[in-house]
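Below is the file target_24.pdb, which contains PDB, C-alpha atoms and all ligand atoms.
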```pdb
ATOM      1  CA  LEU A   1     125.090  75.859 116.591
ATOM      2  CA  PRO A   2     126.717  72.584 115.605
ATOM      3  CA  GLU A   3     127.811  72.528 112.010
ATOM      4  CA  PRO A   4     125.138  70.061 110.797
ATOM      5  CA  VAL A   5     122.430  72.361 112.180
ATOM      6  CA  LYS A   6     124.041  75.429 110.621
ATOM      7  CA  ARG A   7     124.021  73.589 107.343
ATOM      8  CA  ARG A   8     120.287  72.921 107.641
ATOM      9  CA  VAL A   9     119.639  76.580 108.462
ATOM     10  CA  ARG A  10     121.502  77.558 105.307
ATOM     11  CA  ALA A  11     119.195  75.233 103.408
ATOM     12  CA  LEU A  12     116.208  76.935 105.030
ATOM     13  CA  LYS A  13     117.480  80.330 103.899
ATOM     14  CA  LYS A  14     117.868  79.083 100.385
ATOM     15  CA  LEU A  15     114.297  77.822 100.511
ATOM     16  CA  GLN A  16     113.278  81.242 101.793
ATOM     17  CA  PHE A  17     114.991  82.886  98.866
ATOM     18  CA  ARG A  18     113.183  80.600  96.445
ATOM     19  CA  SER A  19     109.917  81.701  98.040
ATOM     20  CA  LEU A  20     110.858  85.309  97.384
ATOM     21  CA  GLU A  21     111.382  84.522  93.738
ATOM     22  CA  ILE A  22     107.947  82.947  93.553
ATOM     23  CA  GLU A  23     106.481  85.922  95.373
ATOM     24  CA  SER A  24     108.002  88.320  92.882
ATOM     25  CA  GLU A  25     106.528  86.240  90.052
ATOM     26  CA  PHE A  26     103.176  86.652  91.732
ATOM     27  CA  TYR A  27     103.599  90.436  91.855
ATOM     28  CA  ARG A  28     104.675  90.477  88.223
ATOM     29  CA  GLU A  29     101.421  88.750  87.264
ATOM     30  CA  LEU A  30      99.463  91.052  89.511
ATOM     31  CA  HIS A  31     100.991  94.037  87.726
ATOM     32  CA  ASP A  32      99.896  92.579  84.379
ATOM     33  CA  LEU A  33      96.447  91.821  85.769
ATOM     34  CA  GLU A  34      96.123  95.431  86.901
ATOM     35  CA  MET A  35      96.983  96.546  83.408
ATOM     36  CA  ARG A  36      94.301  94.284  81.960
ATOM     37  CA  TYR A  37      91.705  95.826  84.249
ATOM     38  CA  ALA A  38      92.775  99.360  83.401
ATOM     39  CA  ASP A  39      90.376  99.578  80.438
ATOM     40  CA  ARG A  40      87.387  98.713  82.574
ATOM     41  CA  PHE A  41      88.303 101.312  85.157
ATOM     42  CA  ALA A  42      88.998 103.826  82.388
ATOM     43  CA  GLU A  43      85.341 103.697  81.319
ATOM     44  CA  GLN A  44      84.240 104.765  84.797
ATOM     45  CA  LEU A  45      86.971 107.356  85.111
ATOM     46  CA  ASN A  46      86.151 108.912  81.736
ATOM     47  CA  ARG A  47      82.530 109.256  82.758
ATOM     48  CA  ARG A  48      83.709 110.856  85.981
ATOM     49  CA  GLN A  49      85.770 113.359  84.032
ATOM     50  CA  GLN A  50      82.804 114.261  81.816
ATOM     51  CA  ILE A  51      80.588 114.881  84.824
ATOM     52  CA  VAL A  52      83.297 116.849  86.661
ATOM     53  CA  LEU A  53      83.941 119.071  83.654
ATOM     54  CA  GLY A  54      80.252 119.473  82.894
ATOM     55  CA  SER A  55      80.436 118.160  79.360
ATOM     56  CA  VAL A  56      77.563 115.828  80.258
ATOM     57  CA  GLU A  57      74.774 115.959  82.812
ATOM     58  CA  PRO A  58      74.314 112.657  84.670
ATOM     59  CA  THR A  59      71.081 110.821  83.881
ATOM     60  CA  ASP A  60      68.513 110.334  86.656
ATOM     61  CA  GLU A  61      69.600 106.755  86.890
ATOM     62  CA  GLU A  62      73.249 107.713  87.244
ATOM     63  CA  ALA A  63      72.414 110.204  89.969
ATOM     64  CA  ASP A  64      70.331 107.668  91.884
ATOM     65  CA  TRP A  65      72.515 107.476  94.978
ATOM     66  CA  PRO A  66      71.572 108.286  98.578
ATOM     67  CA  GLU A  67      72.292 111.782  99.887
ATOM     68  CA  THR A  68      75.237 112.065 102.241
ATOM     69  CA  THR A  69      73.969 111.550 105.801
ATOM     70  CA  GLU A  70      74.479 114.213 108.453
ATOM     71  CA  SER A  71      76.940 112.146 110.423
ATOM     72  CA  GLU A  72      79.001 111.612 107.300
ATOM     73  CA  VAL A  73      79.019 115.350 106.661
ATOM     74  CA  GLU A  74      80.018 115.999 110.272
ATOM     75  CA  LEU A  75      82.818 113.502 110.137
ATOM     76  CA  ALA A  76      84.042 114.897 106.840
ATOM     77  CA  ASN A  77      84.006 118.444 108.232
ATOM     78  CA  LEU A  78      85.861 117.358 111.317
ATOM     79  CA  LEU A  79      88.530 115.599 109.326
ATOM     80  CA  ARG A  80      88.810 118.489 106.931
ATOM     81  CA  GLU A  81      89.337 120.928 109.769
ATOM     82  CA  LYS A  82      92.254 118.816 110.831
ATOM     83  CA  THR A  83      93.871 119.297 107.474
ATOM     84  CA  ALA A  84      93.525 123.053 108.040
ATOM     85  CA  LEU A  85      92.129 124.139 104.725
ATOM     86  CA  THR A  86      92.328 127.704 103.647
ATOM     87  CA  ASN A  87      89.437 129.402 101.863
ATOM     88  CA  GLY A  88      88.372 128.897  98.279
ATOM     89  CA  ALA A  89      86.538 125.982  96.740
ATOM     90  CA  GLY A  90      88.018 123.733  99.383
ATOM     91  CA  GLY A  91      85.900 125.077 102.177
ATOM     92  CA  GLN A  92      82.655 124.568 100.330
ATOM     93  CA  ALA A  93      82.748 120.862  99.666
ATOM     94  CA  GLY A  94      80.244 118.905 101.672
ATOM     95  CA  ASP A  95      78.232 121.980 102.638
ATOM     96  CA  ALA A  96      75.415 120.792 100.459
ATOM     97  CA  PRO A  97      72.604 122.977 101.888
ATOM     98  CA  GLN A  98      74.579 126.172 101.253
ATOM     99  CA  SER A  99      75.701 125.336  97.784
ATOM    100  CA  GLN A 100      72.076 124.757  96.788
ATOM    101  CA  GLN A 101      71.481 128.454  97.190
ATOM    102  CA  GLN A 102      74.247 129.334  94.802
ATOM    103  CA  PRO A 103      73.605 129.257  91.098
ATOM    104  CA  ALA A 104      74.960 125.985  89.804
ATOM    105  CA  GLY A 105      77.650 126.289  87.140
ATOM    106  CA  PRO A 106      78.555 123.418  84.873
ATOM    107  CA  GLY A 107      80.231 120.324  86.265
ATOM    108  CA  VAL A 108      81.805 120.221  89.716
ATOM    109  CA  PRO A 109      83.884 123.406  90.109
ATOM    110  CA  GLY A 110      87.223 123.065  91.876
ATOM    111  CA  PHE A 111      86.848 119.281  91.996
ATOM    112  CA  TRP A 112      90.517 118.354  91.762
ATOM    113  CA  LEU A 113      91.869 121.304  93.726
ATOM    114  CA  THR A 114      89.488 120.459  96.555
ATOM    115  CA  ALA A 115      90.245 116.755  96.437
ATOM    116  CA  LEU A 116      93.998 117.395  96.530
ATOM    117  CA  LYS A 117      93.731 119.924  99.326
ATOM    118  CA  ASN A 118      91.786 117.418 101.382
ATOM    119  CA  VAL A 119      94.767 115.070 101.364
ATOM    120  CA  ASP A 120      97.041 116.054 104.221
ATOM    121  CA  LEU A 121     100.175 114.934 102.413
ATOM    122  CA  LEU A 122      99.324 117.126  99.414
ATOM    123  CA  SER A 123      97.717 120.130 101.084
ATOM    124  CA  GLN A 124     101.097 120.948 102.600
ATOM    125  CA  MET A 125     102.545 121.257  99.116
ATOM    126  CA  ILE A 126      99.844 123.513  97.684
ATOM    127  CA  ARG A 127     100.767 127.167  98.128
ATOM    128  CA  ASP A 128      98.618 130.247  97.540
ATOM    129  CA  GLN A 129     100.117 130.888  94.118
ATOM    130  CA  ASP A 130      99.363 127.278  93.096
ATOM    131  CA  GLU A 131      95.620 127.392  93.702
ATOM    132  CA  PRO A 132      94.502 129.426  90.687
ATOM    133  CA  ILE A 133      96.672 127.184  88.518
ATOM    134  CA  LEU A 134      95.254 123.977  89.986
ATOM    135  CA  ARG A 135      91.741 125.196  89.210
ATOM    136  CA  HIS A 136      92.666 124.390  85.616
ATOM    137  CA  LEU A 137      93.326 120.757  86.528
ATOM    138  CA  THR A 138      90.792 118.761  84.523
ATOM    139  CA  ASP A 139      91.884 115.231  85.343
ATOM    140  CA  ILE A 140      94.603 113.109  86.908
ATOM    141  CA  LYS A 141      95.194 109.767  85.266
ATOM    142  CA  VAL A 142      97.443 106.870  86.107
ATOM    143  CA  ILE A 143      98.914 104.770  83.310
ATOM    144  CA  THR A 144     100.666 101.535  84.265
ATOM    145  CA  PHE A 145     103.421 100.266  82.014
ATOM    146  CA  SER A 146     105.467  97.084  81.894
ATOM    147  CA  GLY A 147     108.199  95.623  79.754
ATOM    148  CA  GLU A 148     111.867  96.379  80.101
ATOM    149  CA  GLN A 149     110.889  98.914  82.725
ATOM    150  CA  ASN A 150     107.893  98.654  84.988
ATOM    151  CA  GLY A 151     106.044 101.424  86.642
ATOM    152  CA  PHE A 152     103.316 103.997  86.280
ATOM    153  CA  VAL A 153     102.854 107.535  85.003
ATOM    154  CA  LEU A 154     100.750 110.136  86.724
ATOM    155  CA  GLU A 155      99.262 112.463  84.115
ATOM    156  CA  PHE A 156      97.972 115.831  85.273
ATOM    157  CA  HIS A 157      95.730 117.275  82.555
ATOM    158  CA  PHE A 158      95.092 121.009  82.404
ATOM    159  CA  SER A 159      92.717 123.230  80.468
ATOM    160  CA  PRO A 160      94.357 126.030  78.452
ATOM    161  CA  ASN A 161      95.585 128.612  80.930
ATOM    162  CA  GLU A 162      97.666 131.731  81.358
ATOM    163  CA  TYR A 163     100.371 130.003  83.431
ATOM    164  CA  PHE A 164     102.044 127.423  81.195
ATOM    165  CA  SER A 165     101.606 126.040  77.724
ATOM    166  CA  ASN A 166     101.748 122.305  78.557
ATOM    167  CA  SER A 167      98.354 120.624  78.357
ATOM    168  CA  MET A 168      99.646 117.817  80.549
ATOM    169  CA  LEU A 169     102.313 117.469  83.222
ATOM    170  CA  THR A 170     103.704 114.020  83.929
ATOM    171  CA  LYS A 171     105.525 112.198  86.646
ATOM    172  CA  HIS A 172     107.006 108.765  85.972
ATOM    173  CA  TYR A 173     107.576 106.260  88.748
ATOM    174  CA  TYR A 174     109.717 103.197  88.112
ATOM    175  CA  LEU A 175     109.272 100.006  90.083
ATOM    176  CA  ARG A 176     111.708  97.278  91.007
ATOM    177  CA  MET A 177     109.661  94.097  90.725
ATOM    178  CA  VAL A 178     112.231  91.624  92.054
ATOM    179  CA  PRO A 179     114.074  91.448  95.401
ATOM    180  CA  ASP A 180     116.993  93.851  95.746
ATOM    181  CA  PRO A 181     120.065  91.586  95.471
ATOM    182  CA  GLU A 182     121.705  93.491  98.340
ATOM    183  CA  HIS A 183     118.719  93.331 100.678
ATOM    184  CA  PRO A 184     116.636  90.368  99.520
ATOM    185  CA  TRP A 185     114.873  89.856 102.853
ATOM    186  CA  ASP A 186     113.364  93.350 102.690
ATOM    187  CA  TYR A 187     111.237  92.344  99.719
ATOM    188  CA  GLU A 188     107.532  93.082 100.116
ATOM    189  CA  GLY A 189     106.551  93.408  96.492
ATOM    190  CA  PRO A 190     107.262  96.051  93.844
ATOM    191  CA  GLU A 191     108.995  99.108  95.188
ATOM    192  CA  ILE A 192     109.415 102.539  93.670
ATOM    193  CA  VAL A 193     113.107 103.073  93.034
ATOM    194  CA  ARG A 194     113.226 106.077  90.748
ATOM    195  CA  CYS A 195     111.048 108.877  89.436
ATOM    196  CA  SER A 196     111.255 111.615  86.855
ATOM    197  CA  GLY A 197     109.252 114.753  86.254
ATOM    198  CA  CYS A 198     108.777 116.936  83.211
ATOM    199  CA  GLU A 199     109.610 120.390  82.006
ATOM    200  CA  ILE A 200     106.953 122.989  82.692
ATOM    201  CA  LEU A 201     106.779 125.617  79.970
ATOM    202  CA  TRP A 202     105.962 128.577  82.186
ATOM    203  CA  LYS A 203     104.733 131.715  80.501
ATOM    204  CA  ALA A 204     106.648 134.914  81.196
ATOM    205  CA  GLY A 205     106.408 135.938  84.844
ATOM    206  CA  LYS A 206     104.201 132.973  85.774
ATOM    207  CA  ASN A 207     106.767 130.530  87.140
ATOM    208  CA  ALA A 208     105.167 129.420  90.411
ATOM    209  CA  THR A 209     108.369 127.755  91.582
ATOM    210  CA  VAL A 210     110.264 131.019  91.900
ATOM    211  CA  LYS A 211     109.628 134.268  93.699
ATOM    212  CA  VAL A 212     111.229 137.649  93.486
ATOM    213  CA  VAL A 213     112.586 139.023  96.717
ATOM    214  CA  ARG A 214     113.697 142.578  97.342
ATOM    215  CA  LYS A 215     116.650 143.341  99.489
ATOM    216  CA  VAL A 216     117.972 146.644 100.667
ATOM    217  CA  GLN A 217     121.734 146.796 100.384
ATOM    218  CA  LYS A 218     123.946 149.337 102.004
ATOM    219  CA  HIS A 219     127.109 150.345 100.235
ATOM    220  CA  ARG A 220     130.045 149.647 102.553
ATOM    221  CA  GLY A 221     131.953 152.781 101.824
ATOM    222  CA  SER A 222     129.396 155.474 101.070
ATOM    223  CA  GLY A 223     126.587 154.046 103.194
ATOM    224  CA  GLN A 224     124.194 154.627 100.311
ATOM    225  CA  LYS A 225     121.183 152.314 100.220
ATOM    226  CA  ARG A 226     119.823 150.632  97.154
ATOM    227  CA  THR A 227     117.211 147.962  96.509
ATOM    228  CA  VAL A 228     118.156 144.864  94.602
ATOM    229  CA  THR A 229     115.780 142.167  93.447
ATOM    230  CA  LYS A 230     116.689 138.542  93.381
ATOM    231  CA  THR A 231     114.856 135.512  92.032
ATOM    232  CA  VAL A 232     114.860 132.619  94.469
ATOM    233  CA  GLU A 233     113.234 129.221  94.479
ATOM    234  CA  ALA A 234     109.816 129.062  96.094
ATOM    235  CA  ASP A 235     107.856 126.254  97.700
ATOM    236  CA  SER A 236     105.208 125.139  95.252
ATOM    237  CA  PHE A 237     103.144 122.115  94.370
ATOM    238  CA  PHE A 238     104.763 122.291  90.948
ATOM    239  CA  ASN A 239     108.154 121.323  92.366
ATOM    240  CA  PHE A 240     106.559 117.865  92.315
ATOM    241  CA  PHE A 241     107.465 117.785  88.617
ATOM    242  CA  ASN A 242     111.106 118.563  89.317
ATOM    243  CA  PRO A 243     112.056 115.857  91.825
ATOM    244  CA  PRO A 244     115.567 115.564  93.238
ATOM    245  CA  THR A 245     117.711 113.461  90.928
ATOM    246  CA  GLN A 246     120.338 112.613  93.483
ATOM    247  CA  GLU A 247     119.504 110.141  96.164
ATOM    248  CA  ILE A 248     118.432 112.605  98.796
ATOM    249  CA  GLU A 249     116.879 109.776 100.737
ATOM    250  CA  ASP A 250     114.234 111.566 102.764
ATOM    251  CA  LEU A 251     113.014 113.831 100.000
ATOM    252  CA  LEU A 252     112.753 110.987  97.537
ATOM    253  CA  GLN A 253     111.056 108.771 100.076
ATOM    254  CA  SER A 254     108.300 111.293 100.650
ATOM    255  CA  ASP A 255     108.001 111.884  96.917
ATOM    256  CA  PHE A 256     107.544 108.140  96.365
ATOM    257  CA  GLU A 257     104.969 108.068  99.112
ATOM    258  CA  ILE A 258     103.009 110.833  97.438
ATOM    259  CA  GLY A 259     103.146 109.139  94.043
ATOM    260  CA  HIS A 260     101.989 105.875  95.534
ATOM    261  CA  PHE A 261      99.188 107.535  97.450
ATOM    262  CA  LEU A 262      97.945 109.393  94.364
ATOM    263  CA  ARG A 263      97.912 106.165  92.399
ATOM    264  CA  GLU A 264      96.341 103.894  94.990
ATOM    265  CA  ARG A 265      93.942 106.256  96.709
ATOM    266  CA  VAL A 266      93.353 109.714  95.366
ATOM    267  CA  ILE A 267      92.911 108.998  91.659
ATOM    268  CA  PRO A 268      90.611 105.977  92.031
ATOM    269  CA  ARG A 269      88.498 107.603  94.788
ATOM    270  CA  ALA A 270      88.725 111.301  94.051
ATOM    271  CA  VAL A 271      85.055 111.972  94.837
ATOM    272  CA  LEU A 272      85.531 110.731  98.401
ATOM    273  CA  TYR A 273      88.410 113.161  98.873
ATOM    274  CA  PHE A 274      86.318 115.921  97.346
ATOM    275  CA  THR A 275      83.578 115.307  99.921
ATOM    276  CA  GLY A 276      86.034 114.467 102.693
ATOM    277  CA  GLU A 277      84.611 110.979 103.219
ATOM    278  CA  GLY A 278      87.827 109.374 102.005
ATOM    279  CA  LEU A 279      89.903 111.019 104.704
ATOM    280  CA  GLU A 280      89.170 108.311 107.235
ATOM    281  CA  ASP A 281      91.348 105.973 105.256
ATOM    282  CA  GLU A 282      94.336 108.203 105.488
TER     283      GLU A 282
HETATM  284  C1  LIG B   1     111.108 128.120  86.695
HETATM  285  O1  LIG B   1     111.841 128.086  87.898
HETATM  286  C2  LIG B   1     112.710 126.976  88.076
HETATM  287  C3  LIG B   1     113.356 127.086  89.445
HETATM  288  O2  LIG B   1     112.465 126.683  90.455
HETATM  289  C4  LIG B   1     113.745 126.928  86.964
HETATM  290  O3  LIG B   1     114.547 125.772  87.109
HETATM  291  C5  LIG B   1     113.036 126.917  85.624
HETATM  292  O4  LIG B   1     113.998 126.981  84.606
HETATM  293  C6  LIG B   1     112.070 128.086  85.501
HETATM  294  N1  LIG B   1     111.338 127.929  84.235
HETATM  295  C7  LIG B   1     111.052 128.968  83.437
HETATM  296  C8  LIG B   1     110.400 128.634  82.139
HETATM  297  O5  LIG B   1     111.283 130.102  83.765
END
```
Please re-express this file's structure in structure tokens.
Ligand SMILES: *[C@@H]1O[C@H](CO)[C@@H](O)[C@H](O)[C@H]1NC(C)=O
Amino acid sequence: LPEPVKRRVRALKKLQFRSLEIESEFYRELHDLEMRYADRFAEQLNRRQQIVLGSVEPTDEEADWPETTESEVELANLLREKTALTNGAGGQAGDAPQSQQQPAGPGVPGFWLTALKNVDLLSQMIRDQDEPILRHLTDIKVITFSGEQNGFVLEFHFSPNEYFSNSMLTKHYYLRMVPDPEHPWDYEGPEIVRCSGCEILWKAGKNATVKVVRKVQKHRGSGQKRTVTKTVEADSFFNFFNPPTQEIEDLLQSDFEIGHFLRERVIPRAVLYFTGEGLEDE
């Protein structure tokens, strides 16, 4: 291009950059707006927790909501099959006619385990040894924070259990609100750039993130065999709380995706994942 035109294009790019700055101001305000609404959502979510745990029974007015239609149940079952659930509470959700024959315990048993297992992204992470632990999950909350650092915390609340002594496990996600100086044109709003987990205080022999393997060794010289046991790392949902610290791009990317999905979808709409109706959105 002739120099005068090039010069004008440079001006256009500068204008574009100014737009990005305005856009990031918009997202900053949106973040604050979300925080202001958090209290109103919290009221609903607290009531949800009470009903799930069985500490209250919903009033007739609260329970005045149409039954799930057959086609909704069918769709939910179909989608759930795709996520290849194993047995346990997971398989029962949505089978309303059957569960009526069972004596009803308090609350909604297995609510969070079922909801999590219905999310494809998460069901892959939940191993057999994790399930009894996740039955103690009483709530998942998201707390948004802003200030010097911006981001959100996922809080996993647990009832007292035989596996670990924490009552809550946390995962922090930190957001970059402004365009990355090195790649400004990639900006599409706040982006997760870092996360941190927490220490799980496993009780003796209950660490779900390790397994003991036995190996038969043969002595080179004598040929004598002996069995040795070794503790190795195991796949587990609870590795979620021990994310890679180094930039292992792919691993972190999928971790960020999971954190984002929990915040935006699963926590606000848990009941629809419990029934399977929320799966369509995935
Ligand atoms: C549990 O296992 C992990 C390895 O996956 C290890 O880093 C951690 O220290 C163990 N925790 C306890 C309390 O044994």
Write out as an NGL selection string which residues come within 12 Å of Phe152 of chain A when counting only C-alpha atoms, dropping same-chain ones fewer than 3 positions away. :A and (31 or 34-35 or 38 or 141-147 or 149 or 155 or 170-176 or 190-196 or 256 or 259-260 or 262-264)
Would you tabulate, counting only C-alpha atoms and all ligand atoms, all residues of chain A that have an atom at most 9 Å from an atom of ligand LIG 1 (chain B), showing the closest pair of atoms and their distance in Å to one decimal, sorted by chain then ascending number, as CSV?
```
residue,atom,partner,partner_atom,distance
A:Phe164,CA,B:LIG1,C8,8.5
A:Glu199,CA,B:LIG1,N1,8.0
A:Ile200,CA,B:LIG1,C8,6.6
A:Leu201,CA,B:LIG1,C8,5.2
A:Trp202,CA,B:LIG1,C8,4.4
A:Lys203,CA,B:LIG1,C8,6.7
A:Ala204,CA,B:LIG1,O5,7.2
A:Gly205,CA,B:LIG1,O5,7.7
A:Lys206,CA,B:LIG1,O5,7.9
A:Asn207,CA,B:LIG1,C1,5.0
A:Ala208,CA,B:LIG1,C1,7.1
A:Thr209,CA,B:LIG1,O2,4.4
A:Val210,CA,B:LIG1,O2,5.1
A:Lys211,CA,B:LIG1,O2,8.7
A:Thr231,CA,B:LIG1,C3,8.9
A:Val232,CA,B:LIG1,O2,7.6
A:Glu233,CA,B:LIG1,O2,4.8
A:Ala234,CA,B:LIG1,O2,6.7
A:Asp235,CA,B:LIG1,O2,8.6
A:Ser236,CA,B:LIG1,O2,8.8
A:Phe238,CA,B:LIG1,O2,8.9
A:Asn239,CA,B:LIG1,O2,7.1
A:Asn242,CA,B:LIG1,O3,8.3
```
Near-Phe240 of chain A list (9 Å; all atoms listed in the file; drop same-chain fewer than 5 positions) as a ChimeraX atom specification: /A:125,171,197,255
Apply the PyMOL selection byres (((chain A and resi 107-112) around 10) and not hetatm) to the file shown and report the selected residues as a count of residues only. 40
Between atom CA of Lys6 of chain A and atom CA of Pro184 of chain A, what is the distance, to one decimal in Å? 20.0 Å
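Between atom CA of Ser165 of chain A and atom CA of Asp128 of chain A the separation is 20.5 Å.
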Surrounding residues of Ile22 of chain A excluding itself and chain neighbours under 5 positions, 12 Å, all atoms listed in the file, as number ranges by chain: A: 15-17, 27-29, 177-179, 187, 189
Any chance you can output those residues with C-alpha atoms as a PDB file, in the coordinates of the input?
```pdb
ATOM      1  CA  LEU A  15     114.297  77.822 100.511  1.00  0.00           C
ATOM      2  CA  GLN A  16     113.278  81.242 101.793  1.00  0.00           C
ATOM      3  CA  PHE A  17     114.991  82.886  98.866  1.00  0.00           C
ATOM      4  CA  TYR A  27     103.599  90.436  91.855  1.00  0.00           C
ATOM      5  CA  ARG A  28     104.675  90.477  88.223  1.00  0.00           C
ATOM      6  CA  GLU A  29     101.421  88.750  87.264  1.00  0.00           C
ATOM      7  CA  MET A 177     109.661  94.097  90.725  1.00  0.00           C
ATOM      8  CA  VAL A 178     112.231  91.624  92.054  1.00  0.00           C
ATOM      9  CA  PRO A 179     114.074  91.448  95.401  1.00  0.00           C
ATOM     10  CA  TYR A 187     111.237  92.344  99.719  1.00  0.00           C
ATOM     11  CA  GLY A 189     106.551  93.408  96.492  1.00  0.00           C
TER      12      GLY A 189
END
```
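Of the residues listed (A:Leu20, A:Leu121, A:Pro268, A:Lys218), A:Pro268 shows the shortest atom-to-atom separation from Phe41 of chain A; distances use all atoms listed in the file.
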Report, as JSON, the centre and edge lengths in Å (one decimal) of the axis-aligned box enclosing every listed atom of segment 254-260 of chain A, padded by 4 Å on each side.
```
{"center_x": 105.1, "center_y": 108.9, "center_z": 97.3, "size_x": 14.3, "size_y": 14.0, "size_z": 14.6}
```
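Proximity to Phe26 of chain A was assessed for A:Tyr163, A:Glu188, A:Arg265, A:Leu122 counting all atoms listed in the file; the smallest distance is recorded for A:Glu188.
For the pair atom CA of Trp65 of chain A and atom CA of Gln44 of chain A, the separation is 15.8 Å.
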Any chance you could model all heavy atoms for segment 3-9 of chain A and send them as a compact mmCIF listing (two decimals), in the frame of the given file?
```
# COMPACT_ATOMS: atom_id res chain seq x y z
N GLU A 3 127.72 72.35 113.46
CA GLU A 3 127.81 72.53 112.01
C GLU A 3 126.65 71.88 111.23
O GLU A 3 126.09 72.51 110.33
CB GLU A 3 129.18 72.01 111.53
CG GLU A 3 129.44 72.23 110.03
CD GLU A 3 129.22 73.66 109.57
OE1 GLU A 3 129.58 74.59 110.35
OE2 GLU A 3 128.68 73.87 108.48
N PRO A 4 126.24 70.65 111.57
CA PRO A 4 125.14 70.06 110.80
C PRO A 4 123.86 70.91 110.86
O PRO A 4 123.14 71.03 109.87
CB PRO A 4 124.91 68.70 111.45
CG PRO A 4 126.17 68.39 112.20
CD PRO A 4 126.76 69.72 112.60
N VAL A 5 123.63 71.53 112.04
CA VAL A 5 122.43 72.36 112.18
C VAL A 5 122.57 73.63 111.35
O VAL A 5 121.65 74.06 110.65
CB VAL A 5 122.16 72.70 113.66
CG1 VAL A 5 120.92 73.56 113.79
CG2 VAL A 5 122.02 71.43 114.49
N LYS A 6 123.78 74.23 111.43
CA LYS A 6 124.04 75.43 110.62
C LYS A 6 123.76 75.15 109.14
O LYS A 6 123.20 75.96 108.43
CB LYS A 6 125.50 75.85 110.77
CG LYS A 6 125.81 76.64 112.01
CD LYS A 6 127.22 77.18 111.87
CE LYS A 6 127.69 77.85 113.14
NZ LYS A 6 129.16 77.98 113.15
N ARG A 7 124.20 73.97 108.74
CA ARG A 7 124.02 73.59 107.34
C ARG A 7 122.53 73.55 106.99
O ARG A 7 122.11 74.03 105.93
CB ARG A 7 124.68 72.22 107.14
CG ARG A 7 124.78 71.79 105.71
CD ARG A 7 125.66 70.55 105.59
NE ARG A 7 125.51 69.96 104.29
CZ ARG A 7 124.52 69.13 103.95
NH1 ARG A 7 123.62 68.79 104.86
NH2 ARG A 7 124.45 68.66 102.72
N ARG A 8 121.73 73.00 107.90
CA ARG A 8 120.29 72.92 107.64
C ARG A 8 119.67 74.32 107.60
O ARG A 8 118.78 74.60 106.81
CB ARG A 8 119.61 72.07 108.73
CG ARG A 8 119.90 70.59 108.56
CD ARG A 8 119.53 69.78 109.79
NE ARG A 8 120.42 68.63 109.89
CZ ARG A 8 120.86 68.14 111.04
NH1 ARG A 8 120.50 68.67 112.19
NH2 ARG A 8 121.67 67.10 111.03
N VAL A 9 120.18 75.21 108.47
CA VAL A 9 119.64 76.58 108.46
C VAL A 9 119.96 77.27 107.14
O VAL A 9 119.14 78.00 106.58
CB VAL A 9 120.20 77.39 109.66
CG1 VAL A 9 119.83 78.87 109.53
CG2 VAL A 9 119.68 76.83 110.97
```
